[in-house]
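Let me begin by presenting the structure, written as C-alpha cells, before commenting on it.
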Amino acid sequence: MHLPAILETQLLWPDEAAARVTAEHLAAALLPSPDAVIELHGPLGAGKTTFVRLLLRALGIDGRIKSPSYAVMESYELPAASGGGQASHFDFYRFGDPREWEDAGFRDVFAAPGLKLCEWPEKAAGQLPAADLQLFIELMPDDSRRVRAVGRARLVEALST
C-alpha cells in the first residue's frame with residue numbers, strides 16, 4: 001500500500017487578500033472533483049470561517065455563505081465548473097462530547113464523496129476521518145495570521161505557490 005506524502009509549510013497572511021490567494025490556490029488544487037477533509041484549527045477570531053468562505057467563493061459558490069456555529073453543518077452544492085458535488089462546512093465548537101458527532105448522523109456525510117471543511121475538529125476527536133489538510137491559524141498581535149499547513153503533498157504544495 002502506498003501512503004500519500006505528507007508535507008508541512010508555513011504561510012503568512014498579512015491581510016484577507018493574502019488569505020484569498022491561498023484559498024484560490026487550494027481551490028485549484030482540489031479540482032476537478034473536490035473530495036477532501038480539511039481541518040481548520042485556531043482560537044476564536046483567528047479567521048477559520050473567513051477562510052472557508054474565501055475557499056467556497058473560489059470554488060464558485062454564490063450567495064450567502066453562513067457560519068455553521070449554531071446549525072453545526074451548512075451544505076453547498078458546488079457548481080459544475082468546480083466538479084459539482086457537495087461541500088459541507090462544520091463547526092464543532094459547541095460539542096461537549098465527541099460522541100455528539102455520531103449522534104448528529106455525520107458518519108453518513110463523511111462517508112459520502114465531497115468536500116468537508118471542519119472548524120474545531122478537536123471537539124469531534126476520534127470521530128473524524130484522517131484529514132487531507134490541516135490548517136493551524138494563529139492570530140498575531142498585528143492582526144496578521146501565521147498559518148501552519150500539514151497534509152497531502154499536492155495540497156500543501158499548492159498553498160505555497
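Going through the C-alpha cells in order, the chains are called A, B, and so on, while each chain numbers its residues from 1 and the ligands are numbered from 1 in the order shown.
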A:Ala36 surroundings by only C-alpha atoms, 10 Å radius, close-in-sequence under 5 positions cut, as a compact mmCIF listing (two decimals) with C-alpha atoms, in the first residue's frame:
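The resulting file, around.txt, is shown below:
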```txt
# COMPACT_ATOMS: atom_id res chain seq x y z
CA LEU A 30 -8.93 20.47 -5.26
CA ALA A 87 -19.29 20.91 0.14
CA PHE A 110 -18.31 11.89 5.86
CA PRO A 113 -17.87 11.97 -1.54
CA GLY A 114 -17.44 15.71 -1.30
CA LEU A 115 -15.54 18.46 0.42
CA LYS A 116 -15.67 18.58 4.22
CA LEU A 117 -14.44 21.75 5.94
CA ALA A 130 -7.94 11.47 8.71
CA ALA A 131 -7.63 14.97 7.31
CA ASP A 132 -6.19 15.58 3.86
CA LEU A 133 -5.11 19.03 5.03
CA LEU A 155 -2.47 20.33 -1.35
```
Among chain A, which ones does DSSP place in strand (DSSP E), written as a PDB file with N, CA and C atoms, in the first residue's frame?
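Written output follows (out24.pdb):
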```pdb
ATOM      1  N   ILE A   6       3.194  13.351   3.078  1.00  0.00           N
ATOM      2  CA  ILE A   6       2.690  14.416   3.946  1.00  0.00           C
ATOM      3  C   ILE A   6       3.767  15.488   4.030  1.00  0.00           C
ATOM      4  N   LEU A   7       3.360  16.698   3.791  1.00  0.00           N
ATOM      5  CA  LEU A   7       4.269  17.840   3.867  1.00  0.00           C
ATOM      6  C   LEU A   7       3.757  18.844   4.880  1.00  0.00           C
ATOM      7  N   GLU A   8       4.636  19.772   5.217  1.00  0.00           N
ATOM      8  CA  GLU A   8       4.271  20.866   6.112  1.00  0.00           C
ATOM      9  C   GLU A   8       4.904  22.142   5.578  1.00  0.00           C
ATOM     10  N   THR A   9       4.165  23.246   5.689  1.00  0.00           N
ATOM     11  CA  THR A   9       4.697  24.541   5.287  1.00  0.00           C
ATOM     12  C   THR A   9       4.129  25.622   6.187  1.00  0.00           C
ATOM     13  N   GLN A  10       4.789  26.757   6.185  1.00  0.00           N
ATOM     14  CA  GLN A  10       4.333  27.923   6.951  1.00  0.00           C
ATOM     15  C   GLN A  10       3.907  29.001   5.968  1.00  0.00           C
ATOM     16  N   LEU A  11       2.822  29.677   6.284  1.00  0.00           N
ATOM     17  CA  LEU A  11       2.325  30.782   5.477  1.00  0.00           C
ATOM     18  C   LEU A  11       2.126  31.993   6.371  1.00  0.00           C
ATOM     19  N   LEU A  12       2.136  33.160   5.759  1.00  0.00           N
ATOM     20  CA  LEU A  12       1.793  34.381   6.485  1.00  0.00           C
ATOM     21  C   LEU A  12       0.707  35.090   5.695  1.00  0.00           C
ATOM     22  N   TRP A  13      -0.385  35.386   6.368  1.00  0.00           N
ATOM     23  CA  TRP A  13      -1.459  36.161   5.770  1.00  0.00           C
ATOM     24  C   TRP A  13      -1.462  37.533   6.425  1.00  0.00           C
ATOM     25  N   VAL A  37     -11.049  16.170   3.186  1.00  0.00           N
ATOM     26  CA  VAL A  37     -11.376  16.618   4.538  1.00  0.00           C
ATOM     27  C   VAL A  37     -10.312  17.636   4.929  1.00  0.00           C
ATOM     28  N   ILE A  38     -10.755  18.849   5.230  1.00  0.00           N
ATOM     29  CA  ILE A  38      -9.849  19.920   5.613  1.00  0.00           C
ATOM     30  C   ILE A  38     -10.224  20.384   7.015  1.00  0.00           C
ATOM     31  N   GLU A  39      -9.256  20.344   7.904  1.00  0.00           N
ATOM     32  CA  GLU A  39      -9.461  20.794   9.283  1.00  0.00           C
ATOM     33  C   GLU A  39      -8.876  22.183   9.449  1.00  0.00           C
ATOM     34  N   LEU A  40      -9.613  23.042  10.155  1.00  0.00           N
ATOM     35  CA  LEU A  40      -9.146  24.392  10.465  1.00  0.00           C
ATOM     36  C   LEU A  40      -9.056  24.526  11.976  1.00  0.00           C
ATOM     37  N   HIS A  41      -7.848  24.765  12.463  1.00  0.00           N
ATOM     38  CA  HIS A  41      -7.578  24.891  13.891  1.00  0.00           C
ATOM     39  C   HIS A  41      -7.225  26.337  14.195  1.00  0.00           C
ATOM     40  N   MET A  73     -23.687  22.307  10.833  1.00  0.00           N
ATOM     41  CA  MET A  73     -23.300  21.998   9.461  1.00  0.00           C
ATOM     42  C   MET A  73     -24.126  22.840   8.482  1.00  0.00           C
ATOM     43  N   GLU A  74     -23.436  23.389   7.502  1.00  0.00           N
ATOM     44  CA  GLU A  74     -24.081  24.047   6.361  1.00  0.00           C
ATOM     45  C   GLU A  74     -23.552  23.355   5.114  1.00  0.00           C
ATOM     46  N   SER A  75     -24.439  23.048   4.188  1.00  0.00           N
ATOM     47  CA  SER A  75     -24.036  22.359   2.957  1.00  0.00           C
ATOM     48  C   SER A  75     -24.270  23.235   1.742  1.00  0.00           C
ATOM     49  N   TYR A  76     -23.435  23.041   0.736  1.00  0.00           N
ATOM     50  CA  TYR A  76     -23.487  23.819  -0.503  1.00  0.00           C
ATOM     51  C   TYR A  76     -23.290  22.884  -1.680  1.00  0.00           C
ATOM     52  N   GLU A  77     -24.033  23.137  -2.736  1.00  0.00           N
ATOM     53  CA  GLU A  77     -23.873  22.384  -3.969  1.00  0.00           C
ATOM     54  C   GLU A  77     -22.824  23.104  -4.807  1.00  0.00           C
ATOM     55  N   GLN A  86     -20.908  18.016  -3.391  1.00  0.00           N
ATOM     56  CA  GLN A  86     -21.308  18.669  -2.158  1.00  0.00           C
ATOM     57  C   GLN A  86     -20.097  19.199  -1.405  1.00  0.00           C
ATOM     58  N   ALA A  87     -20.265  20.380  -0.817  1.00  0.00           N
ATOM     59  CA  ALA A  87     -19.294  20.915   0.137  1.00  0.00           C
ATOM     60  C   ALA A  87     -20.033  21.093   1.458  1.00  0.00           C
ATOM     61  N   SER A  88     -19.498  20.545   2.518  1.00  0.00           N
ATOM     62  CA  SER A  88     -20.114  20.652   3.840  1.00  0.00           C
ATOM     63  C   SER A  88     -19.152  21.360   4.781  1.00  0.00           C
ATOM     64  N   HIS A  89     -19.683  22.383   5.457  1.00  0.00           N
ATOM     65  CA  HIS A  89     -18.904  23.194   6.383  1.00  0.00           C
ATOM     66  C   HIS A  89     -19.416  22.904   7.791  1.00  0.00           C
ATOM     67  N   PHE A  90     -18.517  22.436   8.642  1.00  0.00           N
ATOM     68  CA  PHE A  90     -18.862  22.048  10.010  1.00  0.00           C
ATOM     69  C   PHE A  90     -18.203  22.981  11.006  1.00  0.00           C
ATOM     70  N   ASP A  91     -18.902  23.227  12.106  1.00  0.00           N
ATOM     71  CA  ASP A  91     -18.335  23.959  13.239  1.00  0.00           C
ATOM     72  C   ASP A  91     -18.686  23.153  14.483  1.00  0.00           C
ATOM     73  N   LEU A 115     -16.469  17.665  -0.361  1.00  0.00           N
ATOM     74  CA  LEU A 115     -15.536  18.465   0.419  1.00  0.00           C
ATOM     75  C   LEU A 115     -16.099  18.670   1.821  1.00  0.00           C
ATOM     76  N   LYS A 116     -15.283  18.383   2.830  1.00  0.00           N
ATOM     77  CA  LYS A 116     -15.671  18.580   4.221  1.00  0.00           C
ATOM     78  C   LYS A 116     -14.699  19.567   4.854  1.00  0.00           C
ATOM     79  N   LEU A 117     -15.233  20.680   5.328  1.00  0.00           N
ATOM     80  CA  LEU A 117     -14.438  21.746   5.940  1.00  0.00           C
ATOM     81  C   LEU A 117     -14.814  21.801   7.415  1.00  0.00           C
ATOM     82  N   CYS A 118     -13.862  21.505   8.292  1.00  0.00           N
ATOM     83  CA  CYS A 118     -14.167  21.293   9.705  1.00  0.00           C
ATOM     84  C   CYS A 118     -13.468  22.297  10.611  1.00  0.00           C
ATOM     85  N   GLU A 119     -14.278  23.145  11.246  1.00  0.00           N
ATOM     86  CA  GLU A 119     -13.746  24.036  12.276  1.00  0.00           C
ATOM     87  C   GLU A 119     -13.894  23.337  13.628  1.00  0.00           C
ATOM     88  N   LEU A 133      -5.837  17.795   4.778  1.00  0.00           N
ATOM     89  CA  LEU A 133      -5.114  19.034   5.027  1.00  0.00           C
ATOM     90  C   LEU A 133      -5.557  19.601   6.365  1.00  0.00           C
ATOM     91  N   GLN A 134      -4.589  20.029   7.152  1.00  0.00           N
ATOM     92  CA  GLN A 134      -4.867  20.713   8.409  1.00  0.00           C
ATOM     93  C   GLN A 134      -4.246  22.097   8.334  1.00  0.00           C
ATOM     94  N   LEU A 135      -5.042  23.106   8.678  1.00  0.00           N
ATOM     95  CA  LEU A 135      -4.545  24.475   8.745  1.00  0.00           C
ATOM     96  C   LEU A 135      -4.615  24.929  10.193  1.00  0.00           C
ATOM     97  N   PHE A 136      -3.460  25.312  10.736  1.00  0.00           N
ATOM     98  CA  PHE A 136      -3.368  25.808  12.103  1.00  0.00           C
ATOM     99  C   PHE A 136      -3.147  27.313  11.998  1.00  0.00           C
ATOM    100  N   ILE A 137      -4.193  28.091  12.308  1.00  0.00           N
ATOM    101  CA  ILE A 137      -4.181  29.536  12.103  1.00  0.00           C
ATOM    102  C   ILE A 137      -3.929  30.228  13.436  1.00  0.00           C
ATOM    103  N   GLU A 138      -2.910  31.059  13.452  1.00  0.00           N
ATOM    104  CA  GLU A 138      -2.545  31.793  14.669  1.00  0.00           C
ATOM    105  C   GLU A 138      -2.691  33.285  14.406  1.00  0.00           C
ATOM    106  N   LEU A 139      -3.485  33.942  15.229  1.00  0.00           N
ATOM    107  CA  LEU A 139      -3.681  35.384  15.133  1.00  0.00           C
ATOM    108  C   LEU A 139      -2.487  36.082  15.787  1.00  0.00           C
ATOM    109  N   ARG A 145      -2.036  36.769  10.182  1.00  0.00           N
ATOM    110  CA  ARG A 145      -2.182  35.370  10.581  1.00  0.00           C
ATOM    111  C   ARG A 145      -0.964  34.588  10.146  1.00  0.00           C
ATOM    112  N   ARG A 146      -0.465  33.777  11.065  1.00  0.00           N
ATOM    113  CA  ARG A 146       0.583  32.818  10.726  1.00  0.00           C
ATOM    114  C   ARG A 146      -0.117  31.472  10.631  1.00  0.00           C
ATOM    115  N   VAL A 147       0.130  30.755   9.536  1.00  0.00           N
ATOM    116  CA  VAL A 147      -0.582  29.510   9.263  1.00  0.00           C
ATOM    117  C   VAL A 147       0.428  28.392   9.045  1.00  0.00           C
ATOM    118  N   ARG A 148       0.215  27.312   9.766  1.00  0.00           N
ATOM    119  CA  ARG A 148       0.993  26.091   9.537  1.00  0.00           C
ATOM    120  C   ARG A 148       0.067  25.131   8.817  1.00  0.00           C
ATOM    121  N   ALA A 149       0.475  24.686   7.644  1.00  0.00           N
ATOM    122  CA  ALA A 149      -0.317  23.761   6.835  1.00  0.00           C
ATOM    123  C   ALA A 149       0.369  22.405   6.824  1.00  0.00           C
ATOM    124  N   VAL A 150      -0.393  21.356   7.137  1.00  0.00           N
ATOM    125  CA  VAL A 150       0.120  19.996   7.176  1.00  0.00           C
ATOM    126  C   VAL A 150      -0.859  19.115   6.408  1.00  0.00           C
ATOM    127  N   GLY A 151      -0.335  18.321   5.471  1.00  0.00           N
ATOM    128  CA  GLY A 151      -1.243  17.437   4.768  1.00  0.00           C
ATOM    129  C   GLY A 151      -0.641  16.824   3.525  1.00  0.00           C
ATOM    130  N   ARG A 152      -1.537  16.343   2.684  1.00  0.00           N
ATOM    131  CA  ARG A 152      -1.129  15.699   1.433  1.00  0.00           C
ATOM    132  C   ARG A 152      -0.274  16.663   0.619  1.00  0.00           C
TER     133      ARG A 152
END
```
Next on the checklist: Ranking A:Arg154, A:Pro43, A:Leu56, A:Phe106 by minimum distance to A:Glu122 and counting only C-alpha atoms, which one comes first?
Outcome noted: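 Selected residue with least distance to A:Glu122: A:Pro43.
Interatomic distance, atom CA of A:Trp120 to atom CA of A:Phe92: 5.2 Å.
Note that atom CA of A:Pro34 and atom CA of A:Glu100 are 26.2 Å apart.
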Next on the checklist: Residues of chain A classed as alpha helix (DSSP H) by DSSP on the backbone are to be reported as a VMD selection string.
Outcome noted: chain A and resid 16 to 30 48 to 58 99 to 103 106 to 111 153 to 159
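The nearest approach to A:Ala19 among the residues A:Ala80, A:Ala125, A:Leu44, A:Ala58, with only C-alpha atoms taken into account, belongs to A:Ala58.
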Checklist entry - At what distance in Å, to one decimal, does atom CA of A:Gly85 lie from atom CA of A:Glu16? => result 26.9 Å
Item to check | Minimum-distance residue to A:Pro79, chosen among A:Arg57, A:Arg20, A:Arg99, A:His25 (using only C-alpha atoms) | outcome: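 So, comparing all the options, the nearest one is A:Arg57.
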Checklist entry - Using only C-alpha atoms, which of A:Pro141, A:Ala5, A:Arg107, A:Ser33 sits nearest A:Pro129? => result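 Closest to A:Pro129 of all the choices is A:Arg107.
For A:Leu159, the set of protein, DNA and RNA residues having any atom at most 8 Å away, when counting only C-alpha atoms and skipping those fewer than 2 positions along the same chain, is Thr22, Ala23, His25, Leu26, Leu155, Val156, Glu157 and Thr161 of chain A.
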Atoms kept (N, CA and C atoms) for selection, written as a short mmCIF file (atom, residue, chain, number, x, y, z; two decimals), in the first residue's frame:
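Contents of again_21.cif, freshly written:
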```
data_model
loop_
_atom_site.label_atom_id
_atom_site.label_comp_id
_atom_site.auth_asym_id
_atom_site.auth_seq_id
_atom_site.Cartn_x
_atom_site.Cartn_y
_atom_site.Cartn_z
N THR A 22 -4.41 32.26 -1.04
CA THR A 22 -4.23 30.88 -0.57
C THR A 22 -5.47 30.05 -0.89
N ALA A 23 -6.65 30.61 -0.63
CA ALA A 23 -7.90 29.91 -0.90
C ALA A 23 -8.04 29.59 -2.39
N HIS A 25 -5.58 29.18 -4.56
CA HIS A 25 -4.61 28.12 -4.90
C HIS A 25 -5.12 26.76 -4.43
N LEU A 26 -5.69 26.74 -3.23
CA LEU A 26 -6.22 25.48 -2.70
C LEU A 26 -7.40 25.00 -3.56
N LEU A 155 -1.71 19.21 -1.92
CA LEU A 155 -2.47 20.33 -1.35
C LEU A 155 -1.54 21.34 -0.68
N VAL A 156 -0.58 20.85 0.08
CA VAL A 156 0.36 21.74 0.77
C VAL A 156 1.20 22.49 -0.26
N GLU A 157 1.67 21.79 -1.28
CA GLU A 157 2.48 22.45 -2.31
C GLU A 157 1.69 23.55 -3.02
N THR A 161 2.45 28.21 -3.63
CA THR A 161 2.80 28.70 -4.98
C THR A 161 2.38 30.14 -5.15
#
```
